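S.K.: For reference, the structure I am asking about is given below.
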Amino acid sequence: MRCFTVLGPSQTGKSTLVERLGALEGAPKRSVSPYGLGLTEFEFGNEAWCALDTPGAGESLVHVQEALLASDACILCVSPAPEEAVLAAPYLREIEASGTPCILFVNRMDEPRGRLRDVIAALQDYAGHTLLLRQVPIRDGERIIGSCDLISERAWRYREGQPSALIEIPETVAEREREARAELLEHLSEYDDWLLEELVEDREPASDAIYSIASRVLRENRVIPVLVGSASHGNGMMRLMKALRHEAPPAATLRQRLAASRTIDDGALLGVSFHAYHRPSVGKTVLARALGDGIRQGAMLGGAGLGTVQDPAAGKPVPAAEAGMIFAAVKSDHLSIPALLTRDAALPAPAWTAPPPPMLERILSPVNERDETKLSGMLAKLAETDRGLLVTQEEGSGAHLVCVQGPMHLRGICKTLAEVFHIEVTDRSPGAVYRETITKPAEVHYRHRKQTGGAGQFADVKLTVRPTGRGDGFTFAETVKGGAVPRNYIPAVEAGAREAMEKGPLGFPVIDVGVTLTDGQHHSVDSSDFAFRAAAKMGVRQALAQASAVLMQPIVRVEIHIPSIHSGSLVPIVSALKGQVLGFDRNEAVKGWDIFRALVPGSALDELARSLRSATQGMGYFSKSFDHFEELYGKEAEAIISMQGAQAS
């Protein structure tokens with residue numbers, strides 16, 4: 001079986017394209033995973049094929065990565081409008097990173113929305129490989145009525161619901177065809193000395209030889225050929241499928257590429273797991289592609305025995321998965337995704353499959369309290385199959401905190417929890433992590449004394465509390481002389497001071513404070529570790545109340561990855577969030593992308609995610625890391641302190 005991925009932005013006709021390709025020579029078998037990854041099996045040219053139809057939403061790029069990991073080649077489906085070329089930038093980035101041979105298909109050519117050469121030029125801004133036009137459209141006024149192949153120099157006229165008809169190249173297209181063909185041959189000659197010599201000697205190379213060179217160049221992933229058509233009308237489908245059949249590499253090439261990425265012997269690589277999901281009453285189902293023969297139920301794969309092996313499209317057990325075949329493994333929970341599978345181990349996938357960092361954080365709470373414990377386990381299960389999901393706990397409350405790619409991703413998780421695990425949940429935004437500190441020193445003398453009938457409690461401490469440098473945290477020192485406080489009680493004083501830092505006078509944890517024990521008294525009978533700990537805790541609390549506490553807000557450093565065309569729109573966004581622009585640079589690893597750096601308040605991250613999605617049409621994303629805390633004053637600080645007090649009461 002040969003496998004390819006169809007990917008691209010939403011509304012470019014990917015699903016229609018897969019449907020048309022699958023129906024060229026019979027009835028296809030189709031299934032769709034809960035995450036929206038479609039799988040279509042069909043026959044073409046006496047060969048078995050599988051098309052992976054990926055979701056087009058920007059929040060689903062993780063599933064695009066998974067599909068590319070198991071594919072021999074891919075088809076990037078794009079719009080014929082030049083201004084929409086930037087929407088393909090995230091997909092070109094993943095294709096380039098994966099090293100997957102690609103054919104670019106300009107779909108919906110029946111809609112006259114711009115010149116093809118402008119579309120190619122706009123897309124080239126984001127492609128490291130040369131985009132090589134293999135067809136030119138034939139126009140009748142503003143309408144596309146056919147196409148001309150630049151290698152065979154044959155022209156076809158589209159016919160609705162029927163195969164295209166072979167025609168003479170129209171005079172109106174002849175000059176453009178000669179220019180485009182010359183450009184095609186010039187680019188191909190860069191990868192073939194024989195063709196270069198033919199062109200230098202001004203000899204016309206044979207079409208069969210050019211096809212052979214084009215096939216080799218695609219298999220070696222040197223260029224991205226460009227074909228045109230309209231899937232909704234069935235135009236250009238046969239030519240596209242023939243290009244895949246004759247030019248896309250076989251499964252053995254994928255095996256070699258994956259083995260090289262982890263420097264393992266390709267003979268030991270038996271398969272690659274790339275997608276997983278949970279089904280009611282079935283459990284975890286893992287989609288994998290066999291790269292070696294004889295994978296069957298009970299066989300060792302990934303370090304343990306394999307469960308039931310099924311045809312993912314038909315949902316029926318199969319005796320064995322032969323090389324190239326995609327199969328579904330049921331009751332094989334030991335298989336992680338994505339992973340390279342040998343007999344004895346599941347090895348990590350290449351680094352390019354690392355998912356985009358999640359940008360949206362939400363607290364999930366079960367509608368029924370009895371599901372609280374169950375929810376924790378089910379979220380852990382979801383995180384095994386959904387690599388775009390990160391599950392953790394909210395600081396302080398310990399509530400379930402999920403970090404997701406965006407609002408659509410969040411809705412999908414809530415739907416899965418309800419339909420598969422039968423847990424209804426609600427979501428809310430997590431609270432920002434605030435701190436407080438002091439702005440001036442204070443001294444306190446505190447005596448802890450308590451008589452309970454037996455041995456009492458006595459501790460007397462004199463403490464100095466002072467602000468320290470930003471980021472220095474809590475420090476403790478002692479300058480006691482003459483044994484006023486015995487050495488064995490000083491650790492208890494420090495422990496009590498640390499406990500006082502857990503909640504300051506404003507209601508938040510206290511940071512960047514130094515405490516010094518200067519003097520004290522003890523009693524030979526009534527003093528104890530507990531007494532000195534209590535004295536230090538209460539004494540420090542009194543001192544903090546006298547030391548002019550101030551609210552501190554977290555400042556986060558963000559790295560925003562965006563297509564260069566959108567970089568200018570980020571300055572007003574960051575400024576509106578009271579952030580600080582640090583600058584931006586070209587992303588040397590990804591053509592046409594910038595890395596924009598800024599500092600923003602931690603409370604503004606949700607708004608940054610919303611504004612970034614709006615400004616970049618869902619393509620931009622950011623990674624974040626804590627940078628420092630800084631003072632917050634005015635009405636905003638007063639409102640936060642009042643809210644904290646109300647929640648505490």
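Residues are named by chain letter and number: chains run A, B, ... in the order of the structure tokens, numbers start at 1 in each chain, and ligands are numbered from 1 in the order shown.
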Quick one: residues within 7 Å of Ile295 in chain A, only C-alpha atoms, excluding same-chain residues fewer than 5 positions away - as JSON, numbers by chain?

M.R.: {"A": [320, 321, 322]}

S.K.: Atoms to include: N, CA and C atoms. Write the selected residues as a PDB file, in the first residue's frame.

M.R.:
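Written output follows (result.pdb):
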```pdb
ATOM      1  N   ALA A 320      -2.836 -10.078   8.946  1.00  0.00           N
ATOM      2  CA  ALA A 320      -1.507  -9.498   9.129  1.00  0.00           C
ATOM      3  C   ALA A 320      -1.428  -8.209   8.333  1.00  0.00           C
ATOM      4  N   ALA A 321      -0.632  -7.269   8.822  1.00  0.00           N
ATOM      5  CA  ALA A 321      -0.393  -6.006   8.112  1.00  0.00           C
ATOM      6  C   ALA A 321       0.924  -6.124   7.365  1.00  0.00           C
ATOM      7  N   GLU A 322       0.841  -6.078   6.058  1.00  0.00           N
ATOM      8  CA  GLU A 322       2.040  -6.187   5.246  1.00  0.00           C
ATOM      9  C   GLU A 322       2.712  -4.823   5.111  1.00  0.00           C
TER      10      GLU A 322
END
```

S.K.: Can you pull out the residues contacting range 9-24 of chain A? Cut-off 7 Å, using only C-alpha atoms, and skip same-chain residues under 6 positions away; I want them as a list in words.

M.R.: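 After dropping sequence-adjacent residues, the list is Phe42, Ala51, Asp53, Gly56, Ala57, Cys77, Val78, Ser79, Leu87, Ala88, Asn107, Ala231, Ser232, Gly234, Met237 and Met241 of chain A.
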
S.K.: Pick out the residues sitting within 9 Å of Arg245 in chain A, and hand them over as a PyMOL selection string; count only C-alpha atoms, and ignore anything fewer than 4 positions along from it in its own chain.

M.R.: chain A and resi 2+44-45+47+240-241+249

S.K.: Can those selected residues be exported to a file as a short mmCIF file (atom, residue, chain, number, x, y, z; two decimals), in the first residue's frame so that it contains N, CA, C and O atoms?

M.R.:
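Done, and the output landed in out-v7.cif:
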```cif
data_model
loop_
_atom_site.label_atom_id
_atom_site.label_comp_id
_atom_site.auth_asym_id
_atom_site.auth_seq_id
_atom_site.Cartn_x
_atom_site.Cartn_y
_atom_site.Cartn_z
N ARG A 2 0.47 2.23 -0.79
CA ARG A 2 1.16 3.51 -0.83
C ARG A 2 0.29 4.55 -0.13
O ARG A 2 -0.94 4.50 -0.22
N PHE A 44 -5.94 2.14 -7.36
CA PHE A 44 -5.64 2.91 -8.56
C PHE A 44 -4.42 2.29 -9.23
O PHE A 44 -3.40 2.05 -8.59
N GLY A 45 -4.57 2.01 -10.53
CA GLY A 45 -3.46 1.44 -11.28
C GLY A 45 -3.01 0.10 -10.74
O GLY A 45 -1.81 -0.19 -10.71
N GLU A 47 -2.89 -0.85 -7.77
CA GLU A 47 -2.16 -0.69 -6.51
C GLU A 47 -3.13 -0.23 -5.43
O GLU A 47 -4.13 0.44 -5.71
N LEU A 240 -3.19 14.36 -11.60
CA LEU A 240 -2.61 14.42 -10.26
C LEU A 240 -2.32 13.02 -9.73
O LEU A 240 -1.25 12.75 -9.17
N MET A 241 -3.26 12.10 -9.93
CA MET A 241 -3.08 10.75 -9.41
C MET A 241 -1.97 10.02 -10.17
O MET A 241 -1.20 9.24 -9.58
N PRO A 249 7.74 8.54 -4.03
CA PRO A 249 8.61 7.43 -3.63
C PRO A 249 7.82 6.30 -2.98
O PRO A 249 6.72 6.50 -2.47
#
```

S.K.: From the list A:Ala418, A:Leu188, A:Val228, A:Val86, which residue is nearest Leu116 in chain A when using only C-alpha atoms?

M.R.: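 Counting only C-alpha atoms, the residue closest to Leu116 in chain A is A:Val228.
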
S.K.: Name all residues at most 7 Å from Arg30 in chain A (count only C-alpha atoms; drop same-chain ones fewer than 5 positions away) and give them as a list in words.

M.R.: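 In the requested form, the answer reads Leu39, Thr40, Glu41 and Ala313 of chain A.
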
S.K.: Write to file, as a PDB file, in the first residue's frame, the residues of the selection just made, with N, CA and C atoms.

M.R.:
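Below you can see selection-v2.pdb, which holds the result:
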```pdb
ATOM      1  N   LEU A  39      -9.324   8.988   6.702  1.00  0.00           N
ATOM      2  CA  LEU A  39      -8.511   7.924   6.106  1.00  0.00           C
ATOM      3  C   LEU A  39      -9.330   7.276   4.996  1.00  0.00           C
ATOM      4  N   THR A  40      -8.833   7.342   3.766  1.00  0.00           N
ATOM      5  CA  THR A  40      -9.537   6.801   2.604  1.00  0.00           C
ATOM      6  C   THR A  40      -8.655   5.775   1.899  1.00  0.00           C
ATOM      7  N   GLU A  41      -9.143   4.541   1.796  1.00  0.00           N
ATOM      8  CA  GLU A  41      -8.429   3.482   1.091  1.00  0.00           C
ATOM      9  C   GLU A  41      -9.097   3.233  -0.254  1.00  0.00           C
ATOM     10  N   ALA A 313     -10.230   1.515   7.969  1.00  0.00           N
ATOM     11  CA  ALA A 313     -11.355   2.014   7.191  1.00  0.00           C
ATOM     12  C   ALA A 313     -12.577   1.113   7.338  1.00  0.00           C
TER      13      ALA A 313
END
```

S.K.: For range 35-37 of chain A, work out the shell of residues within 12 Å, counting only C-alpha atoms and skipping chain neighbours fewer than 6 positions away, then give it as a VMD selection string.

M.R.: chain A and resid 5 to 7 14 to 15 51 to 57 59 to 68 274 to 279 287 312 to 313 382 385 to 388 408 to 413 415 to 416

S.K.: Extract, using only C-alpha atoms, all DNA, RNA and protein residues at most 9 Å from Ser548 in chain A, discarding same-chain residues fewer than 6 positions from it, and format them as a list in words.

M.R.: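 Listing them by chain and then by number gives Thr437, Ile438, Thr439, Lys440 and Pro441 of chain A.
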
S.K.: Once DSSP has gone over the backbone, tell me which residues of range 468-572 of chain A are in strand (DSSP E or B), as a list in words.

M.R.: Thr475, Phe476, Ala477, Glu478, Val510, Val513, Gly514, Val515, Thr516, Leu517, Thr518, Asp519, Gly520, Gln521, Ala549, Val550, Leu551, Met552, Gln553, Pro554, Ile555, Val556, Arg557, Val558, Glu559, Ile560, His561, Ile562 and Pro563 of chain A

S.K.: Report the residues of range 340-549 of chain A whose backbone DSSP state falls under helix (DSSP H, G or I), written as a VMD selection string.

M.R.: chain A and resid 351 to 353 369 to 385 407 to 419 487 to 500 529 to 546

S.K.: Between A:Ala500, A:Gly618, A:Val465, A:Glu559, which residue has the minimum interatomic distance to Val513 in chain A, considering only C-alpha atoms?

M.R.: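 Closest candidate: A:Val465.
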
S.K.: Looking at only C-alpha atoms, which of A:Ala646, A:Ala260, A:Leu379, A:Ala543 is the one that sits closest to Val420 in chain A?

M.R.: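 For Val420 in chain A, the nearest of the candidates is A:Leu379.
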
S.K.: Near range 472-479 of chain A, within 7 Å and counting only C-alpha atoms, which residues show up once chain neighbours fewer than 4 positions away are dropped, as a PyMOL selection string?

M.R.: chain A and resi 468+494+511-518

S.K.: Could those selected residues go to a file with all heavy atoms, as a PDB file, in the first residue's frame?

M.R.:
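Final file, result30.pdb:
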```
ATOM      1  N   THR A 468      14.532  42.758  49.731  1.00  0.00           N
ATOM      2  CA  THR A 468      15.781  42.375  49.057  1.00  0.00           C
ATOM      3  C   THR A 468      15.665  42.685  47.566  1.00  0.00           C
ATOM      4  O   THR A 468      14.646  43.207  47.098  1.00  0.00           O
ATOM      5  CB  THR A 468      16.076  40.882  49.266  1.00  0.00           C
ATOM      6  OG1 THR A 468      14.989  40.110  48.735  1.00  0.00           O
ATOM      7  CG2 THR A 468      16.229  40.565  50.747  1.00  0.00           C
ATOM      8  N   GLU A 494      13.749  30.096  61.539  1.00  0.00           N
ATOM      9  CA  GLU A 494      13.744  30.228  60.075  1.00  0.00           C
ATOM     10  C   GLU A 494      12.511  29.565  59.465  1.00  0.00           C
ATOM     11  O   GLU A 494      11.869  30.122  58.559  1.00  0.00           O
ATOM     12  CB  GLU A 494      15.001  29.599  59.485  1.00  0.00           C
ATOM     13  CG  GLU A 494      15.052  29.693  57.971  1.00  0.00           C
ATOM     14  CD  GLU A 494      16.318  29.097  57.379  1.00  0.00           C
ATOM     15  OE1 GLU A 494      17.213  28.686  58.150  1.00  0.00           O
ATOM     16  OE2 GLU A 494      16.400  29.037  56.126  1.00  0.00           O
ATOM     17  N   ILE A 511       7.398  37.531  48.397  1.00  0.00           N
ATOM     18  CA  ILE A 511       8.684  37.216  47.773  1.00  0.00           C
ATOM     19  C   ILE A 511       9.680  38.337  48.040  1.00  0.00           C
ATOM     20  O   ILE A 511       9.308  39.442  48.437  1.00  0.00           O
ATOM     21  CB  ILE A 511       8.546  37.013  46.249  1.00  0.00           C
ATOM     22  CG1 ILE A 511       7.991  38.269  45.583  1.00  0.00           C
ATOM     23  CG2 ILE A 511       7.681  35.809  45.936  1.00  0.00           C
ATOM     24  CD1 ILE A 511       8.006  38.228  44.069  1.00  0.00           C
ATOM     25  N   ASP A 512      10.945  38.050  47.822  1.00  0.00           N
ATOM     26  CA  ASP A 512      12.033  39.034  47.882  1.00  0.00           C
ATOM     27  C   ASP A 512      12.067  39.760  49.224  1.00  0.00           C
ATOM     28  O   ASP A 512      12.036  40.999  49.298  1.00  0.00           O
ATOM     29  CB  ASP A 512      11.913  40.038  46.725  1.00  0.00           C
ATOM     30  CG  ASP A 512      11.987  39.368  45.370  1.00  0.00           C
ATOM     31  OD1 ASP A 512      12.520  38.245  45.300  1.00  0.00           O
ATOM     32  OD2 ASP A 512      11.503  39.944  44.375  1.00  0.00           O
ATOM     33  N   VAL A 513      12.111  38.991  50.288  1.00  0.00           N
ATOM     34  CA  VAL A 513      12.157  39.533  51.645  1.00  0.00           C
ATOM     35  C   VAL A 513      13.278  38.842  52.414  1.00  0.00           C
ATOM     36  O   VAL A 513      13.456  37.621  52.315  1.00  0.00           O
ATOM     37  CB  VAL A 513      10.806  39.333  52.373  1.00  0.00           C
ATOM     38  CG1 VAL A 513      10.930  39.663  53.861  1.00  0.00           C
ATOM     39  CG2 VAL A 513       9.728  40.190  51.734  1.00  0.00           C
ATOM     40  N   GLY A 514      14.026  39.632  53.205  1.00  0.00           N
ATOM     41  CA  GLY A 514      15.056  39.090  54.067  1.00  0.00           C
ATOM     42  C   GLY A 514      14.665  39.243  55.532  1.00  0.00           C
ATOM     43  O   GLY A 514      14.170  40.298  55.943  1.00  0.00           O
ATOM     44  N   VAL A 515      14.840  38.194  56.309  1.00  0.00           N
ATOM     45  CA  VAL A 515      14.510  38.204  57.733  1.00  0.00           C
ATOM     46  C   VAL A 515      15.796  37.944  58.525  1.00  0.00           C
ATOM     47  O   VAL A 515      16.543  37.005  58.212  1.00  0.00           O
ATOM     48  CB  VAL A 515      13.454  37.138  58.073  1.00  0.00           C
ATOM     49  CG1 VAL A 515      13.193  37.095  59.579  1.00  0.00           C
ATOM     50  CG2 VAL A 515      12.153  37.405  57.314  1.00  0.00           C
ATOM     51  N   THR A 516      16.033  38.791  59.537  1.00  0.00           N
ATOM     52  CA  THR A 516      17.209  38.623  60.397  1.00  0.00           C
ATOM     53  C   THR A 516      16.759  38.518  61.849  1.00  0.00           C
ATOM     54  O   THR A 516      16.005  39.370  62.341  1.00  0.00           O
ATOM     55  CB  THR A 516      18.172  39.809  60.240  1.00  0.00           C
ATOM     56  OG1 THR A 516      18.552  39.937  58.872  1.00  0.00           O
ATOM     57  CG2 THR A 516      19.424  39.596  61.095  1.00  0.00           C
ATOM     58  N   LEU A 517      17.205  37.478  62.509  1.00  0.00           N
ATOM     59  CA  LEU A 517      16.966  37.313  63.943  1.00  0.00           C
ATOM     60  C   LEU A 517      18.094  38.036  64.682  1.00  0.00           C
ATOM     61  O   LEU A 517      19.258  37.656  64.584  1.00  0.00           O
ATOM     62  CB  LEU A 517      16.954  35.822  64.307  1.00  0.00           C
ATOM     63  CG  LEU A 517      16.868  35.473  65.796  1.00  0.00           C
ATOM     64  CD1 LEU A 517      15.548  35.946  66.387  1.00  0.00           C
ATOM     65  CD2 LEU A 517      17.035  33.964  66.000  1.00  0.00           C
ATOM     66  N   THR A 518      17.732  39.093  65.457  1.00  0.00           N
ATOM     67  CA  THR A 518      18.758  39.921  66.107  1.00  0.00           C
ATOM     68  C   THR A 518      18.920  39.619  67.593  1.00  0.00           C
ATOM     69  O   THR A 518      20.004  39.798  68.146  1.00  0.00           O
ATOM     70  CB  THR A 518      18.424  41.411  65.924  1.00  0.00           C
ATOM     71  OG1 THR A 518      17.130  41.681  66.489  1.00  0.00           O
ATOM     72  CG2 THR A 518      18.426  41.795  64.454  1.00  0.00           C
TER      73      THR A 518
END
```

S.K.: Per residue of range 336-387 of chain A within 10 Å of range 590-606 of chain A, record the nearest atom pair and its distance in Å to one decimal, counting only C-alpha atoms, with rows in chain order and ascending residue number, as a Markdown table.

M.R.:
```
| residue | atom | partner | partner_atom | distance |
| --- | --- | --- | --- | --- |
| A:Met359 | CA | A:Asp606 | CA | 7.8 |
| A:Leu360 | CA | A:Asp606 | CA | 6.4 |
| A:Glu361 | CA | A:Asp606 | CA | 7.8 |
| A:Arg362 | CA | A:Asp606 | CA | 9.8 |
```

S.K.: Just the selected residues (C-alpha atoms), exported as an mmCIF file, in the first residue's frame, please.

M.R.:
```cif
data_model
loop_
_atom_site.group_PDB
_atom_site.id
_atom_site.type_symbol
_atom_site.label_atom_id
_atom_site.label_comp_id
_atom_site.auth_asym_id
_atom_site.auth_seq_id
_atom_site.Cartn_x
_atom_site.Cartn_y
_atom_site.Cartn_z
ATOM 1 C CA MET A 359 -1.670 29.114 23.884
ATOM 2 C CA LEU A 360 -4.943 28.817 25.813
ATOM 3 C CA GLU A 361 -5.262 27.768 29.466
ATOM 4 C CA ARG A 362 -8.506 26.735 31.137
#
```

S.K.: Just how far from CA of Arg257 in chain A is CA of Ala97 in chain A, in Å to one decimal?

M.R.: 12.7 Å

S.K.: Hey, which of A:Val226, A:Leu195, A:Cys148, A:Ala251 ends up closest to Glu177 in chain A? Count only C-alpha atoms.

M.R.: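 Among the listed residues, the smallest separation from Glu177 in chain A belongs to A:Cys148.
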
S.K.: Interatomic distance between CA of Ile560 in chain A and CA of Ala380 in chain A?

M.R.: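 Interatomic distance, CA of Ile560 in chain A to CA of Ala380 in chain A: 28.3 Å.
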
S.K.: So, with only C-alpha atoms as the atoms that count, which of A:Val444, A:Val425, A:Ile490, A:Leu340 lies closest to Glu372 in chain A?

M.R.: A:Val425

S.K.: Determine the nearest neighbour of Leu92 in chain A from the options A:Gly307, A:Pro486, A:Gly283, A:Gly128, counting only C-alpha atoms.

M.R.: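 For Leu92 in chain A, the nearest of the candidates is A:Gly128.
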